[in-house]
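Heads up, the thing below is written out as structure tokens.
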Amino acid sequence: MKEKALLSMLLLLFLFTLLPIRILGPPPTTGSTITVDGDPSDWVGTAPTTPNTWTISEGEFIWIDEVGDDTGNGSWIYPTAFQGTEADLVEVRITWDENYLYMLLKFADLPDGQWNRTAISIGIDQDLADRSGAGWFPGWTGVAIDERAWWEYGISIVAGNVPGAGIAVYNQTWKVVANTTYPAETPLLVANNTDTDCIELGIPLSVIGDPSGKTWRFLIMVGLQRGGIFAAIGKSPTADAPGGGLDDEWVDPCAFDLAFAPSKTEQETNLGEFDPANDIPVKVRFFMDIYMYSIMMPSVIEGFKSRISDLESQVSDLQDQISSLQDQVSTLQDELNTAKNMQIIYLVGGIVVGLLIGFLIGRRKR
Ligand SMILES: [Ca+2]
Ligand SMILES: [Ca+2]
Ligand SMILES: [Ca+2]
Ligand SMILES: [Ca+2]
């Protein structure tokens, strides 16, 4: 009897130990895999309709940027040989898989075969700590960043091969940690298409780290390329140099457009916050925090839901088994109590019989 009860208890303990093993299995958590080819048709999420707003759809973060806000501080003028749409960002999408962080950057119009007029600079702040990381947009931009969003990894997409610019990923000490040929197995992927007006990027997670469970803070500025770096803003435009700025002042921010500014007015205000007399540059203060698990494919979310429901039914099965075992334990307890009572009856009966025999023997002796 006691052995049976012990076995029941051991079985219960065993069932409880199974529970965490089942819950702790590795869940899939990423967004989707993108072919970095300049064709945006593999980005399938539904974009918001209001400019300067964002959403998450089909495993993609999607920002829609205002059309025609590519004015810098409000007075920047495109080079005279340019079309005047080259630095007007209109859409940003972000997703990731186990190997890459993917970004789609769409422009108002990239003239045929002229994607390299456009210069892009991206910061990814991973620790979200004040004054931690690099505080300037990469690509020789002369544009500083708000102390809250200094980056651990920066990406410059500027045609040409100028140190500190070029097409590369930098770490916070300005060392190139990836480009289009390095690391060999997972290089930085870049593709453009002037028909779709898109530039697609694949940034290797082997270099910038795993975003699982993290919130990453993104900054994006767009300008024009000249001589392999971001084009400085001069006083008057030339064929390939923009104008509308002060004369030879490096503090004129060479950003035509920013992502994540809530309006054209606020963007222009921010890009006008520099002080040439004291050499104080603009500090861009528009960034976007993305909880990377929020960018998950609906199929992954469905997987999670069915996993939860599966676990719930497993828990319910275990509860049934526990309750059945409790019944058995209770029956065993009853049997044990009965046996104990019987023992008392036998004991009392034995004493009575003993006394009776003693009494009879005593009488016979008289
Ligand atoms: Ca694609
Ligand atoms: Ca824009
Ligand atoms: Ca940082
Ligand atoms: Ca903008």
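Going through the structure tokens in order, the chains are called A, B, and so on, while each chain numbers its residues from 1 and the ligands are numbered from 1 in the order shown.
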At a cut-off of 6 Å and counting only C-alpha atoms and all ligand atoms, what residues surround ligand 4? Please answer as a list in words.
Asp65, Glu66, Asp69, Asp257, Leu258, Ala259 and Ala261 of chain A
Distance query A:Ala255 at most 6 Å, only C-alpha atoms, self and fewer than 4 positions along chain excluded, as a list of chain:residue names
A:Gly72, A:Val222, A:Gly223
Which chains and residue numbers are within 7 Å of ligand 3, counting only C-alpha atoms and all ligand atoms, if I want them as a ChimeraX atom specification?
/A:125-133,149-152
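One finds atom CA of A:Ala232 at 22.9 Å from atom CA of A:Phe287.
Atom CA of A:Tyr100 is found 22.1 Å from atom CA of A:Phe304.
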Could you please write out, as an MDAnalysis selection string, every residue of stretch 228-334 of chain A that DSSP assigns to alpha helix (DSSP H)?
chainID A and resid 264:271 298:334
Using only C-alpha atoms and all ligand atoms, what are the residues with an atom within 9 Å of ligand 2, set out as a ChimeraX atom specification?
/A:51-52,64-71,87-91,107-108,256-259,264
Based on the selection just made, write N, CA and C atoms of those residues as a PDB file, in the first residue's frame.
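The new file selection_15.pdb reads:
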```pdb
ATOM      1  N   PRO A  51       0.902  60.493 -44.488  1.00  0.00           N
ATOM      2  CA  PRO A  51       2.349  60.719 -44.493  1.00  0.00           C
ATOM      3  C   PRO A  51       2.887  60.949 -43.078  1.00  0.00           C
ATOM      4  N   ASN A  52       4.164  60.603 -42.894  1.00  0.00           N
ATOM      5  CA  ASN A  52       4.854  60.778 -41.611  1.00  0.00           C
ATOM      6  C   ASN A  52       4.198  59.986 -40.479  1.00  0.00           C
ATOM      7  N   ILE A  64       5.898  55.869 -43.772  1.00  0.00           N
ATOM      8  CA  ILE A  64       5.609  56.630 -44.990  1.00  0.00           C
ATOM      9  C   ILE A  64       6.074  58.063 -44.759  1.00  0.00           C
ATOM     10  N   ASP A  65       7.002  58.512 -45.598  1.00  0.00           N
ATOM     11  CA  ASP A  65       7.546  59.864 -45.456  1.00  0.00           C
ATOM     12  C   ASP A  65       6.838  60.811 -46.430  1.00  0.00           C
ATOM     13  N   GLU A  66       6.700  62.039 -45.966  1.00  0.00           N
ATOM     14  CA  GLU A  66       6.025  63.057 -46.774  1.00  0.00           C
ATOM     15  C   GLU A  66       6.754  63.265 -48.116  1.00  0.00           C
ATOM     16  N   VAL A  67       5.979  63.454 -49.168  1.00  0.00           N
ATOM     17  CA  VAL A  67       6.549  63.790 -50.478  1.00  0.00           C
ATOM     18  C   VAL A  67       6.803  65.294 -50.507  1.00  0.00           C
ATOM     19  N   GLY A  68       7.976  65.708 -50.999  1.00  0.00           N
ATOM     20  CA  GLY A  68       8.245  67.137 -51.171  1.00  0.00           C
ATOM     21  C   GLY A  68       8.793  67.834 -49.932  1.00  0.00           C
ATOM     22  N   ASP A  69       9.243  67.036 -48.930  1.00  0.00           N
ATOM     23  CA  ASP A  69       9.839  67.654 -47.735  1.00  0.00           C
ATOM     24  C   ASP A  69      11.368  67.599 -47.818  1.00  0.00           C
ATOM     25  N   ASP A  70      11.897  67.427 -49.031  1.00  0.00           N
ATOM     26  CA  ASP A  70      13.353  67.330 -49.237  1.00  0.00           C
ATOM     27  C   ASP A  70      13.943  68.727 -49.427  1.00  0.00           C
ATOM     28  N   THR A  71      13.817  69.524 -48.361  1.00  0.00           N
ATOM     29  CA  THR A  71      14.175  70.938 -48.446  1.00  0.00           C
ATOM     30  C   THR A  71      15.228  71.334 -47.410  1.00  0.00           C
ATOM     31  N   ALA A  87      16.654  63.174 -53.486  1.00  0.00           N
ATOM     32  CA  ALA A  87      16.832  62.991 -52.039  1.00  0.00           C
ATOM     33  C   ALA A  87      15.505  63.074 -51.292  1.00  0.00           C
ATOM     34  N   ASP A  88      14.417  62.819 -52.005  1.00  0.00           N
ATOM     35  CA  ASP A  88      13.107  62.844 -51.338  1.00  0.00           C
ATOM     36  C   ASP A  88      12.696  61.421 -50.979  1.00  0.00           C
ATOM     37  N   LEU A  89      12.981  61.072 -49.728  1.00  0.00           N
ATOM     38  CA  LEU A  89      12.593  59.758 -49.204  1.00  0.00           C
ATOM     39  C   LEU A  89      11.069  59.712 -49.075  1.00  0.00           C
ATOM     40  N   VAL A  90      10.457  58.615 -49.545  1.00  0.00           N
ATOM     41  CA  VAL A  90       8.989  58.519 -49.408  1.00  0.00           C
ATOM     42  C   VAL A  90       8.541  57.290 -48.609  1.00  0.00           C
ATOM     43  N   GLU A  91       9.437  56.318 -48.449  1.00  0.00           N
ATOM     44  CA  GLU A  91       9.018  55.122 -47.702  1.00  0.00           C
ATOM     45  C   GLU A  91      10.231  54.390 -47.144  1.00  0.00           C
ATOM     46  N   PHE A 107      12.245  56.270 -52.958  1.00  0.00           N
ATOM     47  CA  PHE A 107      12.390  57.711 -53.212  1.00  0.00           C
ATOM     48  C   PHE A 107      11.321  58.197 -54.180  1.00  0.00           C
ATOM     49  N   ALA A 108      11.118  59.510 -54.172  1.00  0.00           N
ATOM     50  CA  ALA A 108      10.086  60.092 -55.036  1.00  0.00           C
ATOM     51  C   ALA A 108      10.371  59.744 -56.497  1.00  0.00           C
ATOM     52  N   PHE A 256      18.933  66.590 -46.830  1.00  0.00           N
ATOM     53  CA  PHE A 256      17.759  67.136 -47.522  1.00  0.00           C
ATOM     54  C   PHE A 256      16.476  66.626 -46.869  1.00  0.00           C
ATOM     55  N   ASP A 257      16.518  65.369 -46.420  1.00  0.00           N
ATOM     56  CA  ASP A 257      15.304  64.755 -45.866  1.00  0.00           C
ATOM     57  C   ASP A 257      15.707  63.873 -44.690  1.00  0.00           C
ATOM     58  N   LEU A 258      14.784  63.724 -43.755  1.00  0.00           N
ATOM     59  CA  LEU A 258      14.966  62.817 -42.615  1.00  0.00           C
ATOM     60  C   LEU A 258      13.762  61.887 -42.541  1.00  0.00           C
ATOM     61  N   ALA A 259      13.993  60.669 -42.123  1.00  0.00           N
ATOM     62  CA  ALA A 259      12.862  59.807 -41.780  1.00  0.00           C
ATOM     63  C   ALA A 259      12.454  60.126 -40.336  1.00  0.00           C
ATOM     64  N   LYS A 264       6.874  68.239 -42.111  1.00  0.00           N
ATOM     65  CA  LYS A 264       7.892  68.985 -42.862  1.00  0.00           C
ATOM     66  C   LYS A 264       8.381  70.181 -42.047  1.00  0.00           C
TER      67      LYS A 264
END
```
Give the residues close to ligand 1, within 12 Å, counting only C-alpha atoms and all ligand atoms; write them as a ChimeraX atom specification.
/A:32-44,93,95,102-106,189-193,196,198-202
If you measure from atom CA of A:Lys283 to atom CA of A:Gln225, what distance in Å do you get, rounded to one decimal?
20.6 Å
Just list the residues in stretch 44-216 of chain A DSSP gives strand (DSSP E) on the backbone, as a CSV table (one decimal) with N, CA and C atoms, in the first residue's frame.
```csv
chain,number,residue,atom,x,y,z
A,53,THR,N,3.7,58.8,-40.8
A,53,THR,CA,3.2,57.8,-39.8
A,53,THR,C,3.8,56.5,-40.1
A,54,TRP,N,3.6,55.6,-39.2
A,54,TRP,CA,4.2,54.2,-39.3
A,54,TRP,C,3.1,53.2,-38.9
A,55,THR,N,3.4,51.9,-39.4
A,55,THR,CA,2.6,50.8,-38.9
A,55,THR,C,3.5,49.6,-39.0
A,56,ILE,N,2.9,48.5,-38.5
A,56,ILE,CA,3.5,47.2,-38.6
A,56,ILE,C,2.5,46.3,-39.3
A,57,SER,N,3.0,45.7,-40.5
A,57,SER,CA,2.0,44.9,-41.2
A,57,SER,C,2.8,43.7,-41.9
A,60,GLU,N,6.5,43.5,-41.3
A,60,GLU,CA,7.3,44.6,-41.7
A,60,GLU,C,7.0,45.9,-40.9
A,61,PHE,N,8.0,46.6,-40.5
A,61,PHE,CA,7.8,48.0,-40.0
A,61,PHE,C,7.8,48.9,-41.2
A,62,ILE,N,6.8,49.8,-41.3
A,62,ILE,CA,6.6,50.6,-42.5
A,62,ILE,C,6.4,52.1,-42.1
A,63,TRP,N,7.3,52.9,-42.6
A,63,TRP,CA,7.2,54.4,-42.4
A,63,TRP,C,6.9,55.0,-43.7
A,64,ILE,N,5.9,55.9,-43.8
A,64,ILE,CA,5.6,56.6,-45.0
A,64,ILE,C,6.1,58.1,-44.8
A,89,LEU,N,13.0,61.1,-49.7
A,89,LEU,CA,12.6,59.8,-49.2
A,89,LEU,C,11.1,59.7,-49.1
A,90,VAL,N,10.5,58.6,-49.5
A,90,VAL,CA,9.0,58.5,-49.4
A,90,VAL,C,8.5,57.3,-48.6
A,91,GLU,N,9.4,56.3,-48.4
A,91,GLU,CA,9.0,55.1,-47.7
A,91,GLU,C,10.2,54.4,-47.1
A,92,VAL,N,10.1,53.8,-45.9
A,92,VAL,CA,11.1,53.0,-45.3
A,92,VAL,C,10.4,51.7,-44.8
A,93,ARG,N,11.0,50.6,-45.1
A,93,ARG,CA,10.5,49.3,-44.5
A,93,ARG,C,11.6,48.6,-43.9
A,94,ILE,N,11.3,47.9,-42.8
A,94,ILE,CA,12.4,47.1,-42.0
A,94,ILE,C,11.8,45.8,-41.7
A,95,THR,N,12.6,44.7,-41.9
A,95,THR,CA,12.3,43.4,-41.4
A,95,THR,C,13.6,42.7,-41.2
A,96,TRP,N,13.5,41.4,-40.7
A,96,TRP,CA,14.7,40.7,-40.4
A,96,TRP,C,14.4,39.2,-40.4
A,100,TYR,N,19.9,38.4,-41.6
A,100,TYR,CA,20.0,39.8,-42.1
A,100,TYR,C,18.9,40.7,-41.5
A,101,LEU,N,19.3,41.9,-41.3
A,101,LEU,CA,18.3,43.0,-41.1
A,101,LEU,C,18.1,43.6,-42.5
A,102,TYR,N,16.8,43.7,-43.0
A,102,TYR,CA,16.6,44.2,-44.3
A,102,TYR,C,15.9,45.6,-44.2
A,103,MET,N,16.3,46.4,-45.1
A,103,MET,CA,15.7,47.8,-45.2
A,103,MET,C,15.3,48.1,-46.7
A,104,LEU,N,14.2,48.6,-46.8
A,104,LEU,CA,13.8,49.2,-48.2
A,104,LEU,C,13.7,50.7,-48.0
A,105,LEU,N,14.3,51.4,-48.9
A,105,LEU,CA,14.2,52.8,-49.0
A,105,LEU,C,13.7,53.2,-50.3
A,106,LYS,N,12.6,53.9,-50.3
A,106,LYS,CA,11.9,54.3,-51.6
A,106,LYS,C,12.0,55.8,-51.7
A,107,PHE,N,12.2,56.3,-53.0
A,107,PHE,CA,12.4,57.7,-53.2
A,107,PHE,C,11.3,58.2,-54.2
A,118,THR,N,22.1,59.9,-55.0
A,118,THR,CA,21.5,59.9,-53.6
A,118,THR,C,22.4,59.3,-52.6
A,119,ALA,N,22.5,60.0,-51.4
A,119,ALA,CA,23.3,59.5,-50.4
A,119,ALA,C,22.5,59.2,-49.1
A,120,ILE,N,22.8,58.1,-48.5
A,120,ILE,CA,21.9,57.7,-47.3
A,120,ILE,C,22.8,57.4,-46.1
A,121,SER,N,22.4,57.8,-45.0
A,121,SER,CA,23.1,57.6,-43.8
A,121,SER,C,22.2,57.1,-42.7
A,122,ILE,N,22.6,56.0,-42.0
A,122,ILE,CA,21.7,55.3,-41.1
A,122,ILE,C,22.4,55.1,-39.8
A,123,GLY,N,21.8,55.3,-38.7
A,123,GLY,CA,22.3,55.0,-37.4
A,123,GLY,C,21.4,53.9,-36.7
A,124,ILE,N,22.0,52.9,-36.1
A,124,ILE,CA,21.2,52.0,-35.3
A,124,ILE,C,21.8,52.0,-33.8
A,125,ASP,N,21.0,52.6,-33.0
A,125,ASP,CA,21.3,52.7,-31.5
A,125,ASP,C,20.8,51.5,-30.9
A,144,ALA,N,25.2,66.1,-36.7
A,144,ALA,CA,25.3,65.4,-35.4
A,144,ALA,C,23.9,64.8,-35.0
A,145,ILE,N,24.0,64.0,-33.9
A,145,ILE,CA,22.8,63.3,-33.5
A,145,ILE,C,22.5,63.6,-32.0
A,153,TYR,N,26.0,51.0,-34.4
A,153,TYR,CA,26.4,50.7,-35.8
A,153,TYR,C,25.8,51.7,-36.7
A,154,GLY,N,26.6,52.2,-37.7
A,154,GLY,CA,26.2,53.2,-38.6
A,154,GLY,C,26.4,52.7,-40.0
A,155,ILE,N,25.5,53.0,-40.9
A,155,ILE,CA,25.7,52.6,-42.3
A,155,ILE,C,25.7,53.8,-43.2
A,156,SER,N,26.7,53.9,-44.1
A,156,SER,CA,26.7,54.9,-45.1
A,156,SER,C,26.5,54.3,-46.5
A,157,ILE,N,25.6,54.8,-47.3
A,157,ILE,CA,25.4,54.3,-48.7
A,157,ILE,C,25.7,55.5,-49.5
A,167,ILE,N,30.2,52.7,-49.1
A,167,ILE,CA,29.1,51.8,-48.8
A,167,ILE,C,29.5,50.8,-47.8
A,168,ALA,N,29.2,51.0,-46.6
A,168,ALA,CA,29.8,50.3,-45.5
A,168,ALA,C,29.0,50.4,-44.2
A,169,VAL,N,29.3,49.4,-43.3
A,169,VAL,CA,28.8,49.4,-42.0
A,169,VAL,C,30.0,49.8,-41.0
A,170,TYR,N,29.7,50.7,-40.1
A,170,TYR,CA,30.8,51.1,-39.2
A,170,TYR,C,30.4,50.7,-37.8
A,171,ASN,N,31.4,50.4,-37.0
A,171,ASN,CA,31.1,50.3,-35.5
A,171,ASN,C,31.3,51.7,-34.9
A,176,VAL,N,35.4,50.1,-40.2
A,176,VAL,CA,34.5,49.4,-41.2
A,176,VAL,C,34.4,47.9,-40.7
A,177,VAL,N,33.1,47.5,-40.4
A,177,VAL,CA,32.9,46.1,-40.0
A,177,VAL,C,32.2,45.3,-41.0
A,178,ALA,N,31.7,45.9,-42.1
A,178,ALA,CA,31.1,45.2,-43.2
A,178,ALA,C,31.1,46.1,-44.4
A,179,ASN,N,31.3,45.5,-45.6
A,179,ASN,CA,31.0,46.2,-46.8
A,179,ASN,C,30.5,45.2,-47.8
A,189,LEU,N,24.6,43.7,-48.1
A,189,LEU,CA,23.9,43.5,-49.4
A,189,LEU,C,23.3,44.9,-49.8
A,190,VAL,N,23.5,45.4,-51.0
A,190,VAL,CA,22.9,46.6,-51.5
A,190,VAL,C,22.5,46.4,-52.9
A,191,ALA,N,21.3,46.8,-53.2
A,191,ALA,CA,20.8,46.8,-54.6
A,191,ALA,C,19.9,48.0,-54.8
A,192,ASN,N,19.9,48.5,-56.1
A,192,ASN,CA,19.0,49.6,-56.4
A,192,ASN,C,18.3,49.4,-57.7
A,193,ASN,N,17.3,50.1,-57.9
A,193,ASN,CA,16.5,50.0,-59.2
A,193,ASN,C,15.9,51.3,-59.4
A,198,CYS,N,13.8,52.3,-55.8
A,198,CYS,CA,14.1,51.7,-54.5
A,198,CYS,C,15.5,51.3,-54.3
A,199,ILE,N,16.0,51.4,-53.1
A,199,ILE,CA,17.3,50.9,-52.7
A,199,ILE,C,17.0,49.9,-51.6
A,200,GLU,N,17.5,48.6,-51.7
A,200,GLU,CA,17.3,47.6,-50.7
A,200,GLU,C,18.6,47.3,-50.1
A,201,LEU,N,18.6,47.1,-48.7
A,201,LEU,CA,19.8,46.8,-48.0
A,201,LEU,C,19.6,45.5,-47.2
A,202,GLY,N,20.7,44.7,-47.1
A,202,GLY,CA,20.7,43.6,-46.1
A,202,GLY,C,21.9,43.8,-45.2
A,203,ILE,N,21.7,44.0,-44.0
A,203,ILE,CA,22.8,44.3,-43.0
A,203,ILE,C,23.0,43.0,-42.2
A,204,PRO,N,24.2,42.4,-42.3
A,204,PRO,CA,24.4,41.1,-41.6
A,204,PRO,C,24.3,41.1,-40.1
A,215,THR,N,14.9,46.2,-28.4
A,215,THR,CA,14.4,47.4,-29.0
A,215,THR,C,15.6,48.1,-29.7
A,216,TRP,N,15.6,48.4,-31.0
A,216,TRP,CA,16.6,49.1,-31.6
A,216,TRP,C,16.1,50.5,-32.1
```
Just want the 7 Å neighbourhood of A:Met288, counted on only C-alpha atoms, with same-chain residues fewer than 4 positions away dropped. Output as a list in words.
Arg217, Phe218, Leu219 and Phe260 of chain A
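Summary of the local environment: counting only C-alpha atoms, residues at most 10 Å from A:Gly142, other than itself and those fewer than 5 positions away along its chain, are Trp136, Phe137, Phe230, Ala232, Trp250, Val251, Asp252, Pro253, Cys254, Ala255, Pro281, Val282 and Lys283 of chain A.
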Counting only C-alpha atoms, closest pick from A:Gln343, A:Gln267, A:Ser236, A:Ser323 relative to A:Tyr78 is A:Ser236
If you count only C-alpha atoms, which residues fall within 9 Å of A:Ser75, apart from same-chain ones fewer than 5 positions away, as a PyMOL selection string?
chain A and resi 243-245+268
Write to file, as a CSV table (one decimal), in the first residue's frame, the residues of the selection just made, with C-alpha atoms.
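So again_38.csv came out as:
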```csv
chain,number,residue,atom,x,y,z
A,243,GLY,CA,22.9,75.5,-52.8
A,244,GLY,CA,20.8,77.6,-50.5
A,245,GLY,CA,23.3,77.5,-47.6
A,268,GLU,CA,12.9,72.0,-41.4
```
